[in-house]
Structure formats: structure tokens, C-alpha cells
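So this block is target_12.cif, mmCIF, N, CA and C atoms:
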```
data_coords
loop_
_atom_site.label_atom_id
_atom_site.label_comp_id
_atom_site.auth_asym_id
_atom_site.auth_seq_id
_atom_site.Cartn_x
_atom_site.Cartn_y
_atom_site.Cartn_z
N GLN A 1 -38.14 -32.09 66.27
CA GLN A 1 -38.42 -30.93 65.45
C GLN A 1 -37.12 -30.40 64.87
N VAL A 2 -37.10 -30.22 63.57
CA VAL A 2 -35.91 -29.76 62.89
C VAL A 2 -35.83 -28.24 62.91
N GLU A 3 -34.65 -27.74 63.20
CA GLU A 3 -34.44 -26.31 63.16
C GLU A 3 -33.06 -26.02 62.59
N LEU A 4 -33.03 -25.13 61.62
CA LEU A 4 -31.77 -24.63 61.06
C LEU A 4 -31.70 -23.15 61.42
N VAL A 5 -30.60 -22.76 62.02
CA VAL A 5 -30.47 -21.37 62.47
C VAL A 5 -29.21 -20.76 61.87
N GLU A 6 -29.44 -19.74 61.04
CA GLU A 6 -28.33 -19.03 60.42
C GLU A 6 -27.86 -17.88 61.29
N SER A 7 -26.60 -17.54 61.15
CA SER A 7 -26.04 -16.37 61.83
C SER A 7 -24.85 -15.87 61.02
N GLY A 8 -24.41 -14.67 61.35
CA GLY A 8 -23.21 -14.13 60.72
C GLY A 8 -23.46 -13.07 59.67
N GLY A 9 -24.71 -12.81 59.35
CA GLY A 9 -24.99 -11.78 58.37
C GLY A 9 -24.68 -10.40 58.93
N GLY A 10 -24.76 -9.41 58.07
CA GLY A 10 -24.51 -8.05 58.51
C GLY A 10 -24.32 -7.12 57.33
N SER A 11 -23.83 -5.93 57.64
CA SER A 11 -23.59 -4.92 56.62
C SER A 11 -22.09 -4.70 56.47
N VAL A 12 -21.63 -4.78 55.25
CA VAL A 12 -20.20 -4.57 54.99
C VAL A 12 -20.05 -3.72 53.73
N GLN A 13 -18.88 -3.18 53.57
CA GLN A 13 -18.57 -2.44 52.35
C GLN A 13 -18.07 -3.42 51.29
N ALA A 14 -18.20 -3.00 50.06
CA ALA A 14 -17.71 -3.83 48.96
C ALA A 14 -16.25 -4.17 49.17
N GLY A 15 -15.92 -5.42 48.90
CA GLY A 15 -14.57 -5.91 49.12
C GLY A 15 -14.39 -6.59 50.46
N GLY A 16 -15.36 -6.42 51.33
CA GLY A 16 -15.28 -7.02 52.66
C GLY A 16 -15.64 -8.48 52.68
N SER A 17 -15.63 -9.04 53.88
CA SER A 17 -15.88 -10.47 54.06
C SER A 17 -16.88 -10.69 55.18
N LEU A 18 -17.59 -11.79 55.06
CA LEU A 18 -18.48 -12.27 56.12
C LEU A 18 -18.42 -13.79 56.13
N ARG A 19 -18.68 -14.35 57.30
CA ARG A 19 -18.77 -15.80 57.40
C ARG A 19 -20.13 -16.15 58.01
N LEU A 20 -20.92 -16.84 57.23
CA LEU A 20 -22.23 -17.29 57.69
C LEU A 20 -22.12 -18.68 58.29
N SER A 21 -22.91 -18.89 59.32
CA SER A 21 -22.97 -20.20 59.96
C SER A 21 -24.42 -20.68 59.98
N CYS A 22 -24.60 -21.98 59.95
CA CYS A 22 -25.93 -22.56 60.05
C CYS A 22 -25.84 -23.80 60.92
N ALA A 23 -26.43 -23.72 62.09
CA ALA A 23 -26.43 -24.84 63.02
C ALA A 23 -27.77 -25.55 62.95
N ALA A 24 -27.72 -26.87 62.94
CA ALA A 24 -28.93 -27.67 62.84
C ALA A 24 -29.21 -28.38 64.16
N SER A 25 -30.49 -28.49 64.45
CA SER A 25 -30.93 -29.32 65.57
C SER A 25 -32.10 -30.17 65.09
N GLY A 26 -32.20 -31.38 65.63
CA GLY A 26 -33.24 -32.29 65.19
C GLY A 26 -32.98 -32.91 63.84
N PHE A 27 -31.82 -32.65 63.29
CA PHE A 27 -31.44 -33.14 61.96
C PHE A 27 -29.93 -33.13 61.87
N THR A 28 -29.37 -34.14 61.22
CA THR A 28 -27.93 -34.21 61.03
C THR A 28 -27.61 -33.96 59.57
N PHE A 29 -26.83 -32.90 59.33
CA PHE A 29 -26.46 -32.59 57.95
C PHE A 29 -25.79 -33.79 57.29
N GLY A 30 -24.79 -34.34 57.95
CA GLY A 30 -24.08 -35.50 57.43
C GLY A 30 -23.79 -35.34 55.95
N THR A 31 -24.22 -36.34 55.18
CA THR A 31 -24.03 -36.32 53.74
C THR A 31 -25.35 -36.08 53.02
N HIS A 32 -26.32 -35.58 53.74
CA HIS A 32 -27.57 -35.19 53.08
C HIS A 32 -27.32 -33.99 52.17
N CYS A 33 -28.20 -33.81 51.23
CA CYS A 33 -28.24 -32.62 50.41
C CYS A 33 -28.28 -31.40 51.34
N ARG A 34 -27.42 -30.41 51.10
CA ARG A 34 -27.38 -29.21 51.96
C ARG A 34 -26.71 -28.09 51.21
N GLY A 35 -27.03 -26.86 51.65
CA GLY A 35 -26.42 -25.75 50.94
C GLY A 35 -26.90 -24.40 51.40
N TRP A 36 -26.42 -23.39 50.73
CA TRP A 36 -26.76 -22.00 50.98
C TRP A 36 -27.46 -21.42 49.76
N PHE A 37 -28.48 -20.64 50.02
CA PHE A 37 -29.29 -20.04 48.98
C PHE A 37 -29.52 -18.58 49.35
N ARG A 38 -29.90 -17.78 48.38
CA ARG A 38 -30.14 -16.38 48.68
C ARG A 38 -31.28 -15.84 47.84
N GLN A 39 -31.87 -14.79 48.35
CA GLN A 39 -32.95 -14.14 47.62
C GLN A 39 -32.86 -12.65 47.87
N ALA A 40 -32.69 -11.92 46.78
CA ALA A 40 -32.67 -10.46 46.83
C ALA A 40 -34.06 -9.93 46.57
N PRO A 41 -34.36 -8.72 47.02
CA PRO A 41 -35.69 -8.15 46.79
C PRO A 41 -36.04 -8.13 45.31
N GLY A 42 -37.21 -8.62 44.98
CA GLY A 42 -37.66 -8.62 43.60
C GLY A 42 -37.06 -9.69 42.73
N LYS A 43 -36.26 -10.55 43.31
CA LYS A 43 -35.62 -11.62 42.54
C LYS A 43 -36.02 -12.99 43.09
N GLU A 44 -35.80 -14.01 42.26
CA GLU A 44 -36.10 -15.36 42.69
C GLU A 44 -34.98 -15.91 43.57
N ARG A 45 -35.34 -16.91 44.36
CA ARG A 45 -34.33 -17.52 45.21
C ARG A 45 -33.38 -18.33 44.35
N GLU A 46 -32.09 -18.24 44.68
CA GLU A 46 -31.10 -18.95 43.89
C GLU A 46 -30.11 -19.68 44.79
N GLY A 47 -29.54 -20.73 44.26
CA GLY A 47 -28.53 -21.45 44.99
C GLY A 47 -27.19 -20.74 44.91
N VAL A 48 -26.48 -20.72 46.00
CA VAL A 48 -25.16 -20.09 46.06
C VAL A 48 -24.08 -21.16 46.11
N ALA A 49 -24.24 -22.10 47.02
CA ALA A 49 -23.29 -23.21 47.17
C ALA A 49 -24.06 -24.38 47.75
N ALA A 50 -23.93 -25.53 47.13
CA ALA A 50 -24.73 -26.67 47.58
C ALA A 50 -24.05 -27.98 47.25
N VAL A 51 -24.41 -28.99 48.03
CA VAL A 51 -23.85 -30.33 47.87
C VAL A 51 -25.02 -31.31 47.80
N TYR A 52 -24.96 -32.22 46.85
CA TYR A 52 -26.02 -33.22 46.72
C TYR A 52 -25.81 -34.35 47.73
N ASP A 53 -26.83 -35.16 47.89
CA ASP A 53 -26.74 -36.31 48.78
C ASP A 53 -25.55 -37.20 48.41
N ASN A 54 -24.83 -37.61 49.45
CA ASN A 54 -23.74 -38.58 49.28
C ASN A 54 -22.76 -38.18 48.19
N ASP A 55 -22.48 -36.91 48.12
CA ASP A 55 -21.59 -36.36 47.10
C ASP A 55 -20.62 -35.41 47.77
N ASN A 56 -19.37 -35.41 47.34
CA ASN A 56 -18.38 -34.53 47.94
C ASN A 56 -18.17 -33.26 47.13
N VAL A 57 -18.81 -33.16 46.00
CA VAL A 57 -18.59 -32.00 45.13
C VAL A 57 -19.44 -30.83 45.60
N ILE A 58 -18.79 -29.71 45.78
CA ILE A 58 -19.51 -28.49 46.15
C ILE A 58 -19.80 -27.72 44.87
N ASN A 59 -21.04 -27.47 44.66
CA ASN A 59 -21.47 -26.74 43.47
C ASN A 59 -21.66 -25.26 43.82
N TYR A 60 -21.04 -24.41 43.06
CA TYR A 60 -21.13 -22.97 43.29
C TYR A 60 -21.82 -22.27 42.13
N ALA A 61 -22.56 -21.25 42.46
CA ALA A 61 -23.08 -20.39 41.41
C ALA A 61 -21.92 -19.68 40.73
N ASP A 62 -22.03 -19.48 39.43
CA ASP A 62 -20.95 -18.82 38.70
C ASP A 62 -20.61 -17.47 39.31
N SER A 63 -21.59 -16.78 39.80
CA SER A 63 -21.40 -15.42 40.30
C SER A 63 -20.56 -15.37 41.58
N VAL A 64 -20.38 -16.52 42.26
CA VAL A 64 -19.64 -16.51 43.52
C VAL A 64 -18.37 -17.36 43.48
N LYS A 65 -18.16 -18.05 42.37
CA LYS A 65 -16.97 -18.90 42.27
C LYS A 65 -15.70 -18.10 42.50
N GLY A 66 -14.82 -18.64 43.32
CA GLY A 66 -13.56 -17.98 43.63
C GLY A 66 -13.67 -16.98 44.77
N ARG A 67 -14.89 -16.68 45.19
CA ARG A 67 -15.08 -15.70 46.28
C ARG A 67 -15.73 -16.33 47.51
N PHE A 68 -16.62 -17.28 47.30
CA PHE A 68 -17.35 -17.92 48.40
C PHE A 68 -16.84 -19.35 48.58
N THR A 69 -16.84 -19.79 49.84
CA THR A 69 -16.42 -21.16 50.14
C THR A 69 -17.38 -21.81 51.11
N PHE A 70 -17.88 -22.96 50.71
CA PHE A 70 -18.76 -23.75 51.57
C PHE A 70 -17.90 -24.70 52.39
N SER A 71 -18.24 -24.84 53.67
CA SER A 71 -17.54 -25.83 54.49
C SER A 71 -18.50 -26.40 55.52
N GLN A 72 -18.06 -27.45 56.16
CA GLN A 72 -18.94 -28.16 57.10
C GLN A 72 -18.13 -28.69 58.25
N ASP A 73 -18.67 -28.55 59.45
CA ASP A 73 -18.08 -29.15 60.64
C ASP A 73 -19.05 -30.25 61.10
N TYR A 74 -18.68 -31.50 60.85
CA TYR A 74 -19.58 -32.60 61.15
C TYR A 74 -19.81 -32.75 62.65
N ALA A 75 -18.77 -32.49 63.43
CA ALA A 75 -18.89 -32.63 64.87
C ALA A 75 -19.86 -31.61 65.46
N LYS A 76 -19.85 -30.40 64.90
CA LYS A 76 -20.73 -29.35 65.39
C LYS A 76 -22.07 -29.33 64.66
N ASN A 77 -22.20 -30.19 63.65
CA ASN A 77 -23.43 -30.23 62.86
C ASN A 77 -23.77 -28.83 62.33
N THR A 78 -22.78 -28.22 61.75
CA THR A 78 -22.89 -26.84 61.28
C THR A 78 -22.27 -26.71 59.89
N VAL A 79 -22.91 -25.94 59.05
CA VAL A 79 -22.32 -25.61 57.75
C VAL A 79 -22.03 -24.12 57.71
N TYR A 80 -21.06 -23.76 56.89
CA TYR A 80 -20.59 -22.38 56.83
C TYR A 80 -20.54 -21.90 55.39
N LEU A 81 -20.55 -20.60 55.26
CA LEU A 81 -20.32 -19.98 53.96
C LEU A 81 -19.38 -18.80 54.20
N GLN A 82 -18.14 -18.96 53.79
CA GLN A 82 -17.18 -17.88 53.86
C GLN A 82 -17.33 -17.04 52.60
N MET A 83 -17.58 -15.77 52.78
CA MET A 83 -17.83 -14.89 51.65
C MET A 83 -16.76 -13.80 51.65
N ASN A 84 -15.95 -13.79 50.62
CA ASN A 84 -14.89 -12.79 50.46
C ASN A 84 -15.16 -11.92 49.24
N SER A 85 -14.48 -10.81 49.18
CA SER A 85 -14.60 -9.89 48.03
C SER A 85 -16.06 -9.62 47.72
N LEU A 86 -16.81 -9.30 48.73
CA LEU A 86 -18.24 -9.09 48.56
C LEU A 86 -18.54 -7.91 47.65
N LYS A 87 -19.63 -8.05 46.91
CA LYS A 87 -20.07 -7.03 45.97
C LYS A 87 -21.48 -6.59 46.33
N PRO A 88 -21.87 -5.39 45.92
CA PRO A 88 -23.25 -4.96 46.18
C PRO A 88 -24.29 -5.95 45.64
N ASP A 89 -23.99 -6.64 44.54
CA ASP A 89 -24.92 -7.63 43.98
C ASP A 89 -25.10 -8.84 44.88
N ASP A 90 -24.25 -8.99 45.88
CA ASP A 90 -24.40 -10.10 46.82
C ASP A 90 -25.43 -9.79 47.90
N THR A 91 -25.93 -8.58 47.92
CA THR A 91 -26.93 -8.19 48.92
C THR A 91 -28.18 -9.03 48.77
N ALA A 92 -28.57 -9.71 49.84
CA ALA A 92 -29.71 -10.61 49.80
C ALA A 92 -29.95 -11.19 51.19
N MET A 93 -31.07 -11.86 51.32
CA MET A 93 -31.29 -12.71 52.49
C MET A 93 -30.68 -14.07 52.15
N TYR A 94 -29.85 -14.57 53.04
CA TYR A 94 -29.18 -15.85 52.81
C TYR A 94 -29.82 -16.92 53.70
N TYR A 95 -30.11 -18.04 53.06
CA TYR A 95 -30.77 -19.14 53.74
C TYR A 95 -29.92 -20.39 53.68
N CYS A 96 -29.97 -21.12 54.76
CA CYS A 96 -29.41 -22.45 54.82
C CYS A 96 -30.56 -23.43 54.60
N ALA A 97 -30.30 -24.50 53.86
CA ALA A 97 -31.34 -25.49 53.62
C ALA A 97 -30.72 -26.87 53.49
N ALA A 98 -31.54 -27.87 53.73
CA ALA A 98 -31.05 -29.24 53.65
C ALA A 98 -32.18 -30.20 53.34
N TYR A 99 -31.78 -31.42 52.95
CA TYR A 99 -32.68 -32.54 52.71
C TYR A 99 -33.47 -32.38 51.42
N CYS A 100 -32.84 -32.77 50.33
CA CYS A 100 -33.50 -32.69 49.04
C CYS A 100 -34.74 -33.57 49.01
N VAL A 101 -35.76 -33.10 48.35
CA VAL A 101 -37.03 -33.81 48.27
C VAL A 101 -37.35 -34.12 46.81
N GLY A 102 -37.78 -35.32 46.55
CA GLY A 102 -38.23 -35.66 45.21
C GLY A 102 -37.07 -35.91 44.25
N VAL A 103 -37.32 -35.72 42.99
CA VAL A 103 -36.31 -36.00 41.98
C VAL A 103 -35.15 -35.02 42.11
N ARG A 104 -33.97 -35.49 41.71
CA ARG A 104 -32.79 -34.64 41.78
C ARG A 104 -32.94 -33.50 40.78
N ARG A 105 -32.68 -32.30 41.23
CA ARG A 105 -32.79 -31.13 40.35
C ARG A 105 -31.62 -30.21 40.67
N PRO A 106 -31.30 -29.29 39.77
CA PRO A 106 -30.18 -28.38 40.01
C PRO A 106 -30.40 -27.54 41.26
N LEU A 107 -29.38 -27.47 42.09
CA LEU A 107 -29.46 -26.65 43.29
C LEU A 107 -28.83 -25.28 43.07
N VAL A 108 -27.96 -25.16 42.10
CA VAL A 108 -27.40 -23.86 41.73
C VAL A 108 -27.58 -23.67 40.24
N GLY A 109 -27.67 -22.43 39.82
CA GLY A 109 -27.91 -22.14 38.40
C GLY A 109 -29.29 -21.55 38.25
N PRO A 110 -30.29 -22.38 37.95
CA PRO A 110 -31.64 -21.85 37.80
C PRO A 110 -32.23 -21.50 39.17
N PRO A 111 -33.27 -20.67 39.20
CA PRO A 111 -33.93 -20.37 40.47
C PRO A 111 -34.36 -21.65 41.18
N ILE A 112 -34.28 -21.64 42.48
CA ILE A 112 -34.59 -22.83 43.26
C ILE A 112 -36.02 -22.74 43.80
N ASP A 113 -36.69 -23.85 43.69
CA ASP A 113 -38.03 -23.97 44.26
C ASP A 113 -37.87 -24.37 45.73
N ALA A 114 -38.47 -23.62 46.62
CA ALA A 114 -38.33 -23.90 48.04
C ALA A 114 -38.76 -25.33 48.38
N ALA A 115 -39.64 -25.89 47.58
CA ALA A 115 -40.12 -27.25 47.83
C ALA A 115 -39.06 -28.31 47.52
N ALA A 116 -37.97 -27.87 46.89
CA ALA A 116 -36.92 -28.82 46.53
C ALA A 116 -36.16 -29.34 47.74
N LEU A 117 -36.19 -28.56 48.82
CA LEU A 117 -35.52 -29.00 50.04
C LEU A 117 -36.51 -28.97 51.20
N GLY A 118 -36.35 -29.92 52.09
CA GLY A 118 -37.35 -30.09 53.13
C GLY A 118 -37.18 -29.18 54.33
N PHE A 119 -35.96 -28.73 54.57
CA PHE A 119 -35.70 -27.92 55.76
C PHE A 119 -35.01 -26.62 55.38
N TRP A 120 -35.55 -25.54 55.88
CA TRP A 120 -35.00 -24.21 55.62
C TRP A 120 -34.85 -23.44 56.92
N GLY A 121 -33.79 -22.63 56.99
CA GLY A 121 -33.67 -21.69 58.08
C GLY A 121 -34.48 -20.44 57.78
N ARG A 122 -34.47 -19.52 58.73
CA ARG A 122 -35.23 -18.28 58.54
C ARG A 122 -34.45 -17.22 57.79
N GLY A 123 -33.16 -17.43 57.65
CA GLY A 123 -32.35 -16.52 56.87
C GLY A 123 -31.58 -15.52 57.70
N THR A 124 -30.53 -15.01 57.09
CA THR A 124 -29.73 -13.94 57.69
C THR A 124 -29.42 -12.92 56.60
N GLN A 125 -29.60 -11.66 56.91
CA GLN A 125 -29.47 -10.60 55.90
C GLN A 125 -28.01 -10.23 55.69
N VAL A 126 -27.63 -10.13 54.44
CA VAL A 126 -26.31 -9.64 54.06
C VAL A 126 -26.51 -8.41 53.19
N THR A 127 -25.91 -7.31 53.59
CA THR A 127 -26.01 -6.07 52.84
C THR A 127 -24.61 -5.56 52.53
N VAL A 128 -24.35 -5.35 51.25
CA VAL A 128 -23.04 -4.89 50.81
C VAL A 128 -23.19 -3.53 50.17
N SER A 129 -22.51 -2.55 50.71
CA SER A 129 -22.59 -1.20 50.18
C SER A 129 -21.38 -0.90 49.32
N SER A 130 -21.60 -0.02 48.35
CA SER A 130 -20.50 0.32 47.43
C SER A 130 -19.67 1.46 47.96
#
```

Would you mind writing the file out in C-alpha cells?
Amino acid sequence: QVELVESGGGSVQAGGSLRLSCAASGFTFGTHCRGWFRQAPGKEREGVAAVYDNDNVINYADSVKGRFTFSQDYAKNTVYLQMNSLKPDDTAMYYCAAYCVGVRRPLVGPPIDAAALGFWGRGTQVTVSS
């Protein structure tokens, strides 16, 4: 049984930092499609940082470039999202997801269809106050 468990969310003031973690069990991130996504109230889910299968390029949403960093610890089977210079617009539920399904489609940029990836965590809330 596959389980992705996010942690590290919380409430911070604008300009602050958080580091999200996502540990997997029953599944190995390896070089599978994997990434971080977020959904704010009333908005569609969007990709924040993601990597395609067998690809080393980390794709970032324009809104987080230069502030967020995706990383991975293969030994711990965990992916991370370091978030710096947080803004109130970053407030959202953040999800870890992996294993792209079907045809290759953009993981960042347009809203993401949850069906595009096979495994999702339950999310961790990030709230940024001004």
C-alpha cells in the first residue's frame, strides 16, 4: 500500500521560511515523476515544483522561482520543498504527489488534474500572514 505523508507546514509571517517534507512508503520516488502541488481556497490545484520521469530538470512555477527549492533524499525516500521569502499568496494546502499517469502533460503552469498522478499525500497547510 502506497502512502505519501507530508509534514512541515505551519503559520508564518511574510518573509519567513518553511521546509516541507514528504516521506513515501510502499513506493520509491527514485526517478519517477514527483513533485509538490498546492491548492488555495477557491482556486484550482497547481504545480509548484515537479520533476518528470527519468529527468533531472526541476520545473518550478513562475510564482515561486528563486524562492522555493525542490530536493530529494534517495536514501530516505523523501522529497522536500524549501520555501523562503514566503508571501501571503503562498497560503494553500500543499500536496506531495508522484507517479505520472497516462500521457505526459505539464506539471507546473496550468492547473493540474489530480488524475495526472497516481499517488497523493493528504496535504499540509501553509498559512502566510502579512

Could you work out an axis-aligned box for segment 58-68 of chain A, taking every atom the file lists and adding 3 Å on each side, and report centre and edge lengths in Å to one decimal, as AutoDock Vina command-line options?
```
--center_x -18.3 --center_y -22.5 --center_z 43.6 --size_x 15.5 --size_y 20.3 --size_z 15.9
```

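Here atom C of Ala50 of chain A stands at a distance of 24.6 Å from atom C of Val128 of chain A.
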
Using only C-alpha atoms, which protein or nucleic acid residues come within 8 Å of Phe37 of chain A? Drop anything in the same chain fewer than 6 positions from it, and give the result as a VMD selection string.
chain A and resid 45 to 49 94 to 97

Check which residues of segment 56-86 of chain A sit at most 6.5 Å from segment 11-30 of chain A using all atoms listed in the file, and return one row each with the closest pair of atoms and their distance in Å to one decimal, ordered by chain and rising number, as a Markdown table.
```
| residue | atom | partner | partner_atom | distance |
| --- | --- | --- | --- | --- |
| A:Tyr74 | CA | A:Gly30 | N | 6.4 |
| A:Lys76 | C | A:Ala24 | N | 6.4 |
| A:Asn77 | C | A:Ala24 | N | 4.5 |
| A:Thr78 | CA | A:Cys22 | C | 4.3 |
| A:Val79 | C | A:Cys22 | N | 4.0 |
| A:Tyr80 | CA | A:Leu20 | C | 4.3 |
| A:Leu81 | N | A:Leu20 | C | 3.9 |
| A:Gln82 | CA | A:Arg19 | CA | 4.4 |
| A:Met83 | N | A:Leu18 | C | 4.0 |
| A:Asn84 | CA | A:Ser17 | CA | 4.4 |
| A:Ser85 | CA | A:Gly15 | C | 4.1 |
| A:Leu86 | C | A:Gly15 | N | 3.8 |
```

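With distances taken over all atoms listed in the file, A:Trp36 is the one residue among A:Val103, A:Pro110, A:Ala98, A:Trp36 lying closest to Phe70 of chain A.
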
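We find atom N of Thr69 of chain A and atom N of Arg105 of chain A to be spaced 21.9 Å apart.
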
Enumerate the residues of chain A with a DSSP assignment of strand (DSSP E), computed from the backbone, and present them as a PyMOL selection string.
chain A and resi 3-7+10-13+18-25+34-39+46-51+59-60+68-73+78-83+92-100+117-120+124-129

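The smallest atom-to-atom distance between Ala92 of chain A and any of A:Thr124, A:Ser7, A:Asn54, A:Ser130, using only N, CA and C atoms, is found for A:Thr124.
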
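Proximity to Phe119 of chain A at 8 Å, evaluated using all atoms listed in the file and with sequence-adjacent residues fewer than 5 positions away removed, yields Val2, Glu3, Leu4, Cys96, Ala97, Ala98, Tyr99, Cys100, Val101 and Ala114 of chain A.
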
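Of the residues listed (A:Arg34, A:Arg104, A:Arg122, A:Lys87), A:Arg34 shows the shortest atom-to-atom separation from Val57 of chain A; distances use only C-alpha atoms.
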
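You will find atom CA of Met93 of chain A at 10.2 Å from atom CA of Gly10 of chain A.
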
Suppose a student applies the PyMOL selection byres (((chain A and resi 91 and name CA) around 7) and name CA) to this structure; what residues should they get, written as a VMD selection string?
chain A and resid 40 88 to 90 92 126 to 128

Selection file, N, CA and C atoms, as a short mmCIF file (atom, residue, chain, number, x, y, z; two decimals), in the coordinates of the input:
```
data_model
loop_
_atom_site.label_atom_id
_atom_site.label_comp_id
_atom_site.auth_asym_id
_atom_site.auth_seq_id
_atom_site.Cartn_x
_atom_site.Cartn_y
_atom_site.Cartn_z
N ALA A 40 -32.69 -11.92 46.78
CA ALA A 40 -32.67 -10.46 46.83
C ALA A 40 -34.06 -9.93 46.57
N PRO A 88 -21.87 -5.39 45.92
CA PRO A 88 -23.25 -4.96 46.18
C PRO A 88 -24.29 -5.95 45.64
N ASP A 89 -23.99 -6.64 44.54
CA ASP A 89 -24.92 -7.63 43.98
C ASP A 89 -25.10 -8.84 44.88
N ASP A 90 -24.25 -8.99 45.88
CA ASP A 90 -24.40 -10.10 46.82
C ASP A 90 -25.43 -9.79 47.90
N ALA A 92 -28.57 -9.71 49.84
CA ALA A 92 -29.71 -10.61 49.80
C ALA A 92 -29.95 -11.19 51.19
N VAL A 126 -27.63 -10.13 54.44
CA VAL A 126 -26.31 -9.64 54.06
C VAL A 126 -26.51 -8.41 53.19
N THR A 127 -25.91 -7.31 53.59
CA THR A 127 -26.01 -6.07 52.84
C THR A 127 -24.61 -5.56 52.53
N VAL A 128 -24.35 -5.35 51.25
CA VAL A 128 -23.04 -4.89 50.81
C VAL A 128 -23.19 -3.53 50.17
#
```

Which is closest to Val51 of chain A among A:Gly8, A:Trp120, A:Val108, A:Lys65, if we use only N, CA and C atoms?
A:Val108
